[in-house]
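One structure is given here, and the rest of the page talks about it.
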Amino acid sequence: MASHLPRFFVPGPLPGMNEIIAACKGAGGRGSAYARIKKQWTENVCWLARSAVLPKMATYRLDLVWVEPVHANGAERDRDNIEAAVKFVNDGLKLAKIIPDDKPANYLGSTHHHERGEKPGVWVALVAP
């Protein structure tokens, strides 16, 4: 049976696929805006994961709860747009040296849950296989 380890919260909202694509297309299509976004969010996740004092794991799954802001007009982002930010979560965990990498042999996938709330971001829990 899988066991949950401590979880941590990454305040957001994190960039979605639409923002990632726009950043890649910007500045003449050279991706410098994407590089800044990726660095910022990867480092944010790294420091928050280190603060959570998570054990190192060779293989893992992620259980993610994406909390999106409540908008008065009822607008909300598509779930697949939101979930693109899992890349920053995995890379931040790698930078924090909690995981060796996110290759298929190590990263066994993720479960995504979605909520609406006043404090947007993502709850990240590593799950041991």
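Labeling convention for the structure tokens: chains A, B, ... as they appear, residues from 1 per chain, ligands from 1 in order of appearance.
The list of residues with at least one atom within 9 Å of Trp41 in chain A, based on only C-alpha atoms and without residues fewer than 4 positions apart in the same chain, reads Leu14, Pro15, Arg36, Ile37, Val45, Cys46, Ala85, Phe88, Val89 and Gly92 of chain A.
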Inset, instruction - Go ahead and compute the interatomic distance for CA of Ser110 in chain A and CA of Gly74 in chain A, in Å to one decimal. - result: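 That distance, rounded to one decimal, is 27.2 Å.
With CA of Ala75 in chain A on one side and CA of Cys24 in chain A on the other, the separation reads 24.6 Å.
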Legend entry - Residue neighbourhood Leu62 in chain A, 12 Å, only C-alpha atoms, exclusion window fewer than 3 positions, as a PyMOL selection string: chain A and resi 2-8+57+59+65+83+86-87+89-90+93+99+102+106-113+122-129
Legend entry - Residue among A:Arg50, A:Arg77, A:His71, A:His114 lying closest to Ala96 in chain A, counting only C-alpha atoms: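 The answer is A:Arg50, which sits nearest to Ala96 in chain A.
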Legend entry - Long-range neighbours of Glu68 in chain A as a VMD selection string, 7 Å cut-off, only C-alpha atoms, 5 positions minimum in chain: chain A and resid 13 115 to 117 120 to 121
Inset, instruction - Have a look at A:Trp47, A:Tyr60, A:Trp66, A:Phe9 and name the one nearest to Pro100 in chain A; count only C-alpha atoms. - result: A:Tyr60
Inset, instruction - Work out how far CA of Asn44 in chain A is from CA of Gly12 in chain A, in Å to one decimal. - result: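 Separation between CA of Gly12 in chain A and CA of Asn44 in chain A: 10.3 Å.
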Inset, instruction - List every residue of range 37-93 of chain A that DSSP, applied to the backbone of this structure, assigns to strand (DSSP E), and report them as a list in words. - result: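 Secondary structure check on range 37-93 of chain A, strand (DSSP E): Tyr60, Arg61, Leu62, Asp63, Leu64, Val65, Trp66, Val67, Glu68 and Pro69 of chain A.
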Filtering to N, CA and C atoms, could you give me those residues as a JSON list (two decimals), in the first residue's frame?
```json
[["chain", "number", "residue", "atom", "x", "y", "z"],
["A", 60, "TYR", "N", 8.83, 7.59, -6.95],
["A", 60, "TYR", "CA", 7.75, 8.35, -6.31],
["A", 60, "TYR", "C", 6.61, 8.59, -7.28],
["A", 61, "ARG", "N", 5.47, 8.93, -6.70],
["A", 61, "ARG", "CA", 4.33, 9.48, -7.43],
["A", 61, "ARG", "C", 3.99, 10.79, -6.77],
["A", 62, "LEU", "N", 3.30, 11.65, -7.48],
["A", 62, "LEU", "CA", 2.85, 12.91, -6.91],
["A", 62, "LEU", "C", 1.34, 12.91, -6.77],
["A", 63, "ASP", "N", 0.88, 13.43, -5.65],
["A", 63, "ASP", "CA", -0.55, 13.66, -5.45],
["A", 63, "ASP", "C", -0.69, 15.18, -5.33],
["A", 64, "LEU", "N", -1.31, 15.80, -6.32],
["A", 64, "LEU", "CA", -1.36, 17.26, -6.40],
["A", 64, "LEU", "C", -2.79, 17.76, -6.25],
["A", 65, "VAL", "N", -2.95, 18.77, -5.42],
["A", 65, "VAL", "CA", -4.25, 19.44, -5.28],
["A", 65, "VAL", "C", -4.04, 20.88, -5.75],
["A", 66, "TRP", "N", -4.57, 21.17, -6.92],
["A", 66, "TRP", "CA", -4.45, 22.50, -7.52],
["A", 66, "TRP", "C", -5.59, 23.36, -6.98],
["A", 67, "VAL", "N", -5.25, 24.48, -6.37],
["A", 67, "VAL", "CA", -6.26, 25.40, -5.84],
["A", 67, "VAL", "C", -6.25, 26.64, -6.73],
["A", 68, "GLU", "N", -7.35, 26.86, -7.39],
["A", 68, "GLU", "CA", -7.48, 27.99, -8.30],
["A", 68, "GLU", "C", -8.29, 29.09, -7.65],
["A", 69, "PRO", "N", -8.01, 30.34, -8.00],
["A", 69, "PRO", "CA", -8.75, 31.45, -7.40],
["A", 69, "PRO", "C", -10.22, 31.45, -7.77]]
```
Inset, instruction - Among the residues of range 19-117 of chain A, find those DSSP assigns to alpha helix (DSSP H) from the backbone and print them as JSON, numbers by chain. - result: {"A": [19, 20, 21, 22, 23, 24, 25, 26, 27, 28, 29, 32, 33, 34, 35, 36, 37, 38, 39, 40, 41, 42, 43, 44, 45, 46, 47, 48, 49, 50, 51, 79, 80, 81, 82, 83, 86, 87, 88, 89, 90, 91, 92, 93, 94, 95]}
Those same residues, written as a compact mmCIF listing (two decimals), in the first residue's frame with N, CA and C atoms?
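Saved the output as out_16.txt:
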```txt
# COMPACT_ATOMS: atom_id res chain seq x y z
N GLU A 19 0.33 30.30 -20.44
CA GLU A 19 1.39 31.25 -20.07
C GLU A 19 2.75 30.73 -20.51
N ILE A 20 2.95 29.42 -20.40
CA ILE A 20 4.22 28.82 -20.81
C ILE A 20 4.43 28.99 -22.32
N ILE A 21 3.40 28.72 -23.10
CA ILE A 21 3.50 28.89 -24.55
C ILE A 21 3.75 30.34 -24.92
N ALA A 22 3.03 31.27 -24.28
CA ALA A 22 3.23 32.69 -24.56
C ALA A 22 4.67 33.10 -24.24
N ALA A 23 5.22 32.59 -23.14
CA ALA A 23 6.59 32.92 -22.76
C ALA A 23 7.59 32.37 -23.79
N CYS A 24 7.30 31.21 -24.33
CA CYS A 24 8.18 30.62 -25.35
C CYS A 24 8.14 31.40 -26.65
N LYS A 25 6.99 31.96 -26.99
CA LYS A 25 6.83 32.71 -28.23
C LYS A 25 7.37 34.13 -28.12
N GLY A 26 7.43 34.65 -26.92
CA GLY A 26 7.84 36.04 -26.72
C GLY A 26 9.31 36.25 -27.02
N ALA A 27 9.70 37.50 -27.04
CA ALA A 27 11.09 37.91 -27.26
C ALA A 27 11.69 37.24 -28.50
N GLY A 28 10.96 37.28 -29.59
CA GLY A 28 11.48 36.74 -30.84
C GLY A 28 11.48 35.22 -30.89
N GLY A 29 10.72 34.59 -30.00
CA GLY A 29 10.65 33.13 -30.01
C GLY A 29 11.86 32.45 -29.42
N SER A 32 13.43 33.28 -23.79
CA SER A 32 14.07 33.86 -22.60
C SER A 32 13.06 34.12 -21.49
N ALA A 33 11.83 34.47 -21.86
CA ALA A 33 10.79 34.68 -20.84
C ALA A 33 10.44 33.34 -20.19
N TYR A 34 10.41 32.27 -20.97
CA TYR A 34 10.16 30.95 -20.40
C TYR A 34 11.28 30.57 -19.44
N ALA A 35 12.51 30.83 -19.82
CA ALA A 35 13.64 30.49 -18.95
C ALA A 35 13.52 31.20 -17.60
N ARG A 36 13.07 32.44 -17.61
CA ARG A 36 12.88 33.18 -16.35
C ARG A 36 11.76 32.56 -15.52
N ILE A 37 10.64 32.25 -16.16
CA ILE A 37 9.51 31.64 -15.46
C ILE A 37 9.92 30.29 -14.87
N LYS A 38 10.57 29.47 -15.68
CA LYS A 38 10.97 28.14 -15.21
C LYS A 38 11.93 28.24 -14.04
N LYS A 39 12.90 29.12 -14.12
CA LYS A 39 13.87 29.30 -13.03
C LYS A 39 13.16 29.75 -11.76
N GLN A 40 12.30 30.73 -11.87
CA GLN A 40 11.59 31.26 -10.71
C GLN A 40 10.76 30.18 -10.02
N TRP A 41 9.95 29.46 -10.79
CA TRP A 41 9.05 28.47 -10.18
C TRP A 41 9.78 27.23 -9.72
N THR A 42 10.82 26.81 -10.43
CA THR A 42 11.62 25.67 -10.00
C THR A 42 12.30 25.99 -8.68
N GLU A 43 12.85 27.19 -8.55
CA GLU A 43 13.51 27.59 -7.30
C GLU A 43 12.50 27.74 -6.16
N ASN A 44 11.31 28.29 -6.45
CA ASN A 44 10.27 28.40 -5.43
C ASN A 44 9.93 27.02 -4.86
N VAL A 45 9.68 26.07 -5.75
CA VAL A 45 9.33 24.72 -5.32
C VAL A 45 10.49 24.11 -4.53
N CYS A 46 11.70 24.30 -5.00
CA CYS A 46 12.88 23.77 -4.32
C CYS A 46 12.94 24.23 -2.87
N TRP A 47 12.84 25.52 -2.65
CA TRP A 47 12.96 26.06 -1.28
C TRP A 47 11.80 25.63 -0.40
N LEU A 48 10.61 25.57 -0.95
CA LEU A 48 9.45 25.14 -0.17
C LEU A 48 9.56 23.65 0.17
N ALA A 49 10.06 22.85 -0.76
CA ALA A 49 10.24 21.42 -0.51
C ALA A 49 11.32 21.20 0.55
N ARG A 50 12.39 21.95 0.47
CA ARG A 50 13.45 21.84 1.49
C ARG A 50 12.91 22.21 2.87
N SER A 51 12.09 23.24 2.93
CA SER A 51 11.50 23.67 4.20
C SER A 51 10.58 22.61 4.79
N ARG A 79 -8.36 22.48 -16.77
CA ARG A 79 -7.53 21.64 -15.91
C ARG A 79 -6.23 21.22 -16.57
N ASP A 80 -6.26 20.88 -17.85
CA ASP A 80 -5.02 20.48 -18.51
C ASP A 80 -4.06 21.65 -18.64
N ASN A 81 -4.58 22.86 -18.69
CA ASN A 81 -3.75 24.06 -18.71
C ASN A 81 -3.01 24.20 -17.37
N ILE A 82 -3.73 24.02 -16.28
CA ILE A 82 -3.18 24.15 -14.93
C ILE A 82 -2.11 23.09 -14.68
N GLU A 83 -2.42 21.85 -15.05
CA GLU A 83 -1.55 20.72 -14.72
C GLU A 83 -0.19 20.76 -15.41
N VAL A 86 3.17 20.92 -13.43
CA VAL A 86 3.80 19.79 -12.75
C VAL A 86 5.29 19.72 -13.13
N LYS A 87 5.64 20.23 -14.29
CA LYS A 87 7.05 20.28 -14.71
C LYS A 87 7.88 21.07 -13.70
N PHE A 88 7.37 22.19 -13.23
CA PHE A 88 8.10 23.01 -12.25
C PHE A 88 8.20 22.28 -10.91
N VAL A 89 7.16 21.54 -10.56
CA VAL A 89 7.17 20.78 -9.30
C VAL A 89 8.27 19.71 -9.35
N ASN A 90 8.28 18.91 -10.41
CA ASN A 90 9.30 17.87 -10.53
C ASN A 90 10.70 18.46 -10.56
N ASP A 91 10.90 19.51 -11.32
CA ASP A 91 12.24 20.10 -11.42
C ASP A 91 12.68 20.73 -10.10
N GLY A 92 11.72 21.30 -9.35
CA GLY A 92 12.04 21.85 -8.03
C GLY A 92 12.42 20.76 -7.04
N LEU A 93 11.73 19.62 -7.10
CA LEU A 93 12.08 18.49 -6.23
C LEU A 93 13.47 17.95 -6.57
N LYS A 94 13.79 17.95 -7.86
CA LYS A 94 15.13 17.51 -8.28
C LYS A 94 16.19 18.50 -7.80
N LEU A 95 15.93 19.79 -7.96
CA LEU A 95 16.87 20.81 -7.50
C LEU A 95 17.09 20.72 -5.99
```
Inset, instruction - Could you tell me which of A:Ile98, A:Ala105, A:Val10, A:Val70 comes closest to Leu54 in chain A if we count only C-alpha atoms? - result: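 For Leu54 in chain A, the nearest of the given residues is A:Ile98.
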Inset, instruction - Determine the nearest neighbour of Met17 in chain A from the options A:Lys119, A:Ala84, A:Pro55, A:Pro104, counting only C-alpha atoms. - result: A:Ala84
